[in-house]
2 protein chains.
Amino acid sequence: MTGAARPGTAKAVAELAGVSVTTVSRVLSGQASAIPQETQDRVFAAARQLRYRPNSLARALRKGTTQSIGLIVPDISDAYFHQVARGVEDVAQAAGCVVILTNTDRVPAREEACVNLLLDKRVDGIVFAGGGIDDDTHLDGFDWSSTRVVTIGPHQLPFPSITVDDSAAISDAVHHLAEISCRRILCLAGQPNWLVTQRRLAGYRQAVAELGLDTDPDLVVYGDFTESAGEELTAKALAAGSFDGVIAFNDYTAIGAMHALASAGVRVPDDVAVIGCDDIPVARMVHPALTSVSFSQYEFGRNAAEMILGSVPLPAGQRITFPHELLRRHSTARR
Amino acid sequence: MTGAARPGTAKAVAELAGVSVTTVSRVLSGQASAIPQETQDRVFAAARQLRYRPNSLARALRKGTTQSIGLIVPDISDAYFHQVARGVEDVAQAAGCVVILTNTDRVPAREEACVNLLLDKRVDGIVFAGGGIDDDTHLDGFDWSSTRVVTIGPHQLPFPSITVDDSAAISDAVHHLAEISCRRILCLAGQPNWLVTQRRLAGYRQAVAELGLDTDPDLVVYGDFTESAGEELTAKALAAGSFDGVIAFNDYTAIGAMHALASAGVRVPDDVAVIGCDDIPVARMVHPALTSVSFSQYEFGRNAAEMILGSVPLPAGQRITFPHELLRRHSTARR
DNA sequence: TTGTATGCGTTATCAT
DNA sequence: ATGATAACGCATACAA
């Protein structure tokens, strides 16, 4: 006695096929344990005819899983995160899942807003990319209980984490600069309260100390990982004193530094050698090609997504450390 | 007499506040037209105490809107789409909406899969970025009726569209090359079946004809918008004949071309002038800095998202054409 | 001013 | 082998 069901619903398919919604659900979910082929065919035919697609919202509400992953990045325009995003999305798409992208610009209030948005959407997991800051209190008070979280980069959050040895990465770079006779190495860091800055700075300081290089505190300056910051800081450093090497904590900063050096008539690598960090694609496109510490961003993303979609429970606080590699290019080729 | 409701639900809040779920819903949705402050306070307090956040799935199911936008791009690793994505996400986040990101790699089967995934998620709208191909049949047969769609770039789909004058953009570039005395201009196009290739090729051919330049068909070659394609095609073209200018239909291709030219000892811009298209950030970082046709990708994204979230219905097939601008840099600076 | 009841479209539990 | 029915969590029409 029911009237025509709304189009595009299981009920409509059921009516057309002359069965109940239960049967429709069973057939279309592959749980047709003991349903005769003939009935199944009728259901399939009706579904195709009506272009039926199950409403994922209703399904999610019922099953408690949304088949979606939240991805939080500081800025998707930053090349560092492209490969992360691709890695996450490739794994997700292959599993029939979807990726919700959010940008925080490293602003705590926006980080908080993004987490809220994603939790509201009941994502199955969150990939938190981009290192955290030393004061994480804005992320307290969330109910993470029904969401898997994986962080990429240094974080203090109690979640499984994908990291690199930031300290060793920068230390390796400084050693390379020392090998080509650099003694005063300008360090273009990120913001002081970024954990990634703190880790990498530790590597810089340790290497400088053990190599007996100049420890002038003025050689450490702080920027925001943009090209313009690199340019300005380097110009200022050129005016203030001298240095014969530059280690920048990301490639954009290093490229900015090379611009400032070129503008000042300083030759790279002869007068000043420059090393960046992250090895984004532009590193090998600039002139001179930029020596940089390379990480496997795409694999970070893939692994994070796999941890979230995997059936094995995530060990809280477990850390997976990926390798890094110093790629020597022209910006440090001194002979 | 009902037992304790599941935590984190409106029902739980209602019990704690001693009201009905209706009241909870009204208060928390701001529709508390005539509810005494005292009652509202009790509800707010209970909600805060339980860390209550409405389940967006249930709300979406009920209200028919998901507060989400689907974004389809060929490849989020491609710099062209970063600003588009940022534009979409900025607008979305400001409106409390979320962006679902999908990559197609320009593979029709994956385009289809992405659309299915997004429609299943009942997104409020889809931003289809990256030009289409001339055979759109894989996108027929979808039920778009309950989803707003906006395309960015040339498409044959019957949706409102954000475009540029691709033909004029390339024509302008060719005119610039002619001004600096180029006569044989190598055209590094995309795939022949991409609409963007066809539009831009029309501009190339028209300009070449009206300027009386060399129309040798071997000067037009087809790639896939990657740096390596640009490099290989250019190397092949160098071996096969001569040319004094290059117009590449995207910047990655142009940068690849410059590598091939450098490897062959050909000077840019003196022997061969090079122009790219899209003006992605690397264009000004390479050496020599790349002349390129600039578009407003960020605005594309913002506008598309605004069209989707706006209350005004979208006029089917309406086209908004954004301006383009040729940015002259060192790769065409011949004197 | 507040509450009850119904439905959004599924899936799962129990019947038959 | 199949169906009726009850959730999932919320918003709303309708009562009171």
# chains A, B, ... in the order shown; residues from 1 in each chain; ligands from 1
$ interface_residues --of "chain D" --to "chain B" --cutoff "12 Å" --atoms "only C-alpha atoms (C1' of nucleotides)" --output "PyMOL selection string"
chain D and resi 8-12
$ select_by_dssp --residues "region 195-287 of chain A" --states "strand (DSSP E)" --output "list in words"
Val220, Val221, Tyr222, Gly245, Val246, Ile247, Ala248, Ala273, Val274, Ile275, Gly276, Cys277 and Asp278 of chain A
$ write_last_selection --atoms "N, CA and C atoms" --output "JSON list (two decimals), in the first residue's frame"
[["chain", "number", "residue", "atom", "x", "y", "z"],
["A", 220, "VAL", "N", 72.45, 32.13, 13.91],
["A", 220, "VAL", "CA", 71.16, 31.45, 13.90],
["A", 220, "VAL", "C", 70.04, 32.47, 13.82],
["A", 221, "VAL", "N", 69.24, 32.40, 12.76],
["A", 221, "VAL", "CA", 68.13, 33.35, 12.61],
["A", 221, "VAL", "C", 66.85, 32.57, 12.28],
["A", 222, "TYR", "N", 65.74, 33.19, 12.59],
["A", 222, "TYR", "CA", 64.46, 32.48, 12.52],
["A", 222, "TYR", "C", 63.52, 33.07, 11.49],
["A", 245, "GLY", "N", 78.87, 29.56, 4.63],
["A", 245, "GLY", "CA", 77.96, 28.46, 4.33],
["A", 245, "GLY", "C", 76.58, 28.79, 4.85],
["A", 246, "VAL", "N", 75.57, 28.18, 4.26],
["A", 246, "VAL", "CA", 74.19, 28.38, 4.73],
["A", 246, "VAL", "C", 73.51, 27.03, 4.83],
["A", 247, "ILE", "N", 72.90, 26.78, 5.99],
["A", 247, "ILE", "CA", 72.01, 25.63, 6.09],
["A", 247, "ILE", "C", 70.61, 26.19, 6.37],
["A", 248, "ALA", "N", 69.69, 25.91, 5.45],
["A", 248, "ALA", "CA", 68.32, 26.37, 5.63],
["A", 248, "ALA", "C", 67.46, 25.17, 5.99],
["A", 273, "ALA", "N", 78.49, 28.37, 0.29],
["A", 273, "ALA", "CA", 77.80, 27.14, -0.11],
["A", 273, "ALA", "C", 76.44, 27.09, 0.58],
["A", 274, "VAL", "N", 75.45, 26.53, -0.10],
["A", 274, "VAL", "CA", 74.09, 26.55, 0.44],
["A", 274, "VAL", "C", 73.47, 25.14, 0.42],
["A", 275, "ILE", "N", 72.84, 24.79, 1.54],
["A", 275, "ILE", "CA", 72.11, 23.52, 1.61],
["A", 275, "ILE", "C", 70.70, 23.80, 2.10],
["A", 276, "GLY", "N", 69.75, 23.13, 1.46],
["A", 276, "GLY", "CA", 68.36, 23.24, 1.89],
["A", 276, "GLY", "C", 67.91, 21.96, 2.58],
["A", 277, "CYS", "N", 66.62, 21.87, 2.80],
["A", 277, "CYS", "CA", 66.09, 20.70, 3.47],
["A", 277, "CYS", "C", 64.69, 20.40, 2.94],
["A", 278, "ASP", "N", 64.44, 19.15, 2.65],
["A", 278, "ASP", "CA", 63.18, 18.58, 2.18],
["A", 278, "ASP", "C", 63.27, 18.05, 0.75]]
$ residues_around --residues "DA16 (chain D)" --least-positions-apart "4" --cutoff "10 Å" --atoms "only C-alpha atoms (C1' of nucleotides)" --output "MDAnalysis selection string"
chainID C and resid 2:4
$ interface_residues --of "chain C" --to "chain B" --cutoff "12 Å" --atoms "only C-alpha atoms (C1' of nucleotides)" --output "PDB file with N, CA and C atoms (P, O5', C5', C4', C3', O3' and C1' of nucleotides), in the first residue's frame"
ATOM      1  P    DT C   1       7.681  31.967  25.827  1.00  0.00           P
ATOM      2  O5'  DT C   1       8.658  30.706  26.077  1.00  0.00           O
ATOM      3  C5'  DT C   1       8.863  30.281  27.378  1.00  0.00           C
ATOM      4  C4'  DT C   1       8.481  28.823  27.459  1.00  0.00           C
ATOM      5  C3'  DT C   1       9.578  27.853  27.018  1.00  0.00           C
ATOM      6  O3'  DT C   1       9.985  27.123  28.166  1.00  0.00           O
ATOM      7  C1'  DT C   1       7.427  27.225  26.181  1.00  0.00           C
ATOM      8  P    DT C   2      11.171  26.142  28.154  1.00  0.00           P
ATOM      9  O5'  DT C   2      10.524  24.857  27.530  1.00  0.00           O
ATOM     10  C5'  DT C   2       9.824  23.957  28.392  1.00  0.00           C
ATOM     11  C4'  DT C   2       9.170  22.898  27.566  1.00  0.00           C
ATOM     12  C3'  DT C   2      10.105  21.849  26.988  1.00  0.00           C
ATOM     13  O3'  DT C   2      10.040  20.729  27.847  1.00  0.00           O
ATOM     14  C1'  DT C   2       8.261  22.376  25.572  1.00  0.00           C
ATOM     15  P    DG C   3      10.974  19.462  27.555  1.00  0.00           P
ATOM     16  O5'  DG C   3       9.926  18.475  26.862  1.00  0.00           O
ATOM     17  C5'  DG C   3       8.630  18.350  27.427  1.00  0.00           C
ATOM     18  C4'  DG C   3       7.759  17.510  26.527  1.00  0.00           C
ATOM     19  C3'  DG C   3       8.429  16.240  26.007  1.00  0.00           C
ATOM     20  O3'  DG C   3       7.490  15.167  26.092  1.00  0.00           O
ATOM     21  C1'  DG C   3       7.608  17.516  24.192  1.00  0.00           C
ATOM     22  P    DT C   4       8.018  13.673  25.906  1.00  0.00           P
ATOM     23  O5'  DT C   4       6.969  13.075  24.870  1.00  0.00           O
ATOM     24  C5'  DT C   4       5.828  13.829  24.491  1.00  0.00           C
ATOM     25  C4'  DT C   4       5.178  13.197  23.263  1.00  0.00           C
ATOM     26  C3'  DT C   4       5.729  11.850  22.818  1.00  0.00           C
ATOM     27  O3'  DT C   4       4.667  11.111  22.231  1.00  0.00           O
ATOM     28  C1'  DT C   4       6.131  13.426  21.116  1.00  0.00           C
ATOM     29  P    DA C   5       4.863   9.656  21.690  1.00  0.00           P
ATOM     30  O5'  DA C   5       4.982   9.960  20.140  1.00  0.00           O
ATOM     31  C5'  DA C   5       4.033  10.832  19.519  1.00  0.00           C
ATOM     32  C4'  DA C   5       4.314  10.932  18.031  1.00  0.00           C
ATOM     33  C3'  DA C   5       4.793   9.628  17.394  1.00  0.00           C
ATOM     34  O3'  DA C   5       4.227   9.541  16.100  1.00  0.00           O
ATOM     35  C1'  DA C   5       6.440  11.275  17.086  1.00  0.00           C
ATOM     36  P    DT C   6       4.358   8.188  15.280  1.00  0.00           P
ATOM     37  O5'  DT C   6       5.160   8.704  14.002  1.00  0.00           O
ATOM     38  C5'  DT C   6       4.718   9.909  13.357  1.00  0.00           C
ATOM     39  C4'  DT C   6       5.780  10.362  12.366  1.00  0.00           C
ATOM     40  C3'  DT C   6       6.418   9.231  11.553  1.00  0.00           C
ATOM     41  O3'  DT C   6       6.355   9.588  10.192  1.00  0.00           O
ATOM     42  C1'  DT C   6       8.088  10.606  12.499  1.00  0.00           C
ATOM     43  P    DG C   7       6.593   8.507   9.089  1.00  0.00           P
ATOM     44  O5'  DG C   7       7.893   9.059   8.351  1.00  0.00           O
ATOM     45  C5'  DG C   7       7.987  10.448   8.051  1.00  0.00           C
ATOM     46  C4'  DG C   7       9.420  10.776   7.729  1.00  0.00           C
ATOM     47  C3'  DG C   7      10.161   9.692   6.923  1.00  0.00           C
ATOM     48  O3'  DG C   7      10.879  10.313   5.882  1.00  0.00           O
ATOM     49  C1'  DG C   7      11.385  10.212   8.871  1.00  0.00           C
ATOM     50  P    DC C   8      11.301   9.508   4.589  1.00  0.00           P
ATOM     51  O5'  DC C   8      12.833   9.909   4.399  1.00  0.00           O
ATOM     52  C5'  DC C   8      13.257  11.262   4.358  1.00  0.00           C
ATOM     53  C4'  DC C   8      14.716  11.298   4.707  1.00  0.00           C
ATOM     54  C3'  DC C   8      15.491  10.069   4.230  1.00  0.00           C
ATOM     55  O3'  DC C   8      16.041  10.330   2.939  1.00  0.00           O
ATOM     56  C1'  DC C   8      16.099  10.724   6.481  1.00  0.00           C
ATOM     57  P    DG C   9      15.680   9.409   1.711  1.00  0.00           P
ATOM     58  O5'  DG C   9      16.654   8.172   1.938  1.00  0.00           O
ATOM     59  C5'  DG C   9      18.039   8.373   1.779  1.00  0.00           C
ATOM     60  C4'  DG C   9      18.795   7.169   2.295  1.00  0.00           C
ATOM     61  C3'  DG C   9      18.426   5.850   1.615  1.00  0.00           C
ATOM     62  O3'  DG C   9      19.635   5.224   1.255  1.00  0.00           O
ATOM     63  C1'  DG C   9      18.287   5.619   3.952  1.00  0.00           C
ATOM     64  P    DT C  10      19.716   3.938   0.378  1.00  0.00           P
ATOM     65  O5'  DT C  10      20.739   3.050   1.197  1.00  0.00           O
ATOM     66  C5'  DT C  10      20.377   2.579   2.377  1.00  0.00           C
ATOM     67  C4'  DT C  10      21.477   2.474   3.366  1.00  0.00           C
ATOM     68  C3'  DT C  10      21.790   1.011   3.604  1.00  0.00           C
ATOM     69  O3'  DT C  10      23.175   0.760   3.481  1.00  0.00           O
ATOM     70  C1'  DT C  10      20.824   2.056   5.569  1.00  0.00           C
TER      71       DT C  10
END
$ interface_residues --of "chain A" --to "chain B" --cutoff "8 Å" --atoms "only C-alpha atoms" --output "PyMOL selection string"
chain A and resi 51+53-58+60-61+75-77+79+82-83+85-86+89+93+96-103+117+120-122+143+255+282+285-287
$ select_by_dssp --residues "region 99-295 of chain B" --states "helix (DSSP H, G or I)" --output "VMD selection string"
chain B and resid 108 to 120 137 to 139 166 to 179 195 to 211 217 to 219 227 to 240 251 to 263 281 to 284
$ atom_distance --atom1 "CA of Ile72 (chain B)" --atom2 "CA of Gly301 (chain B)"
11.5 Å
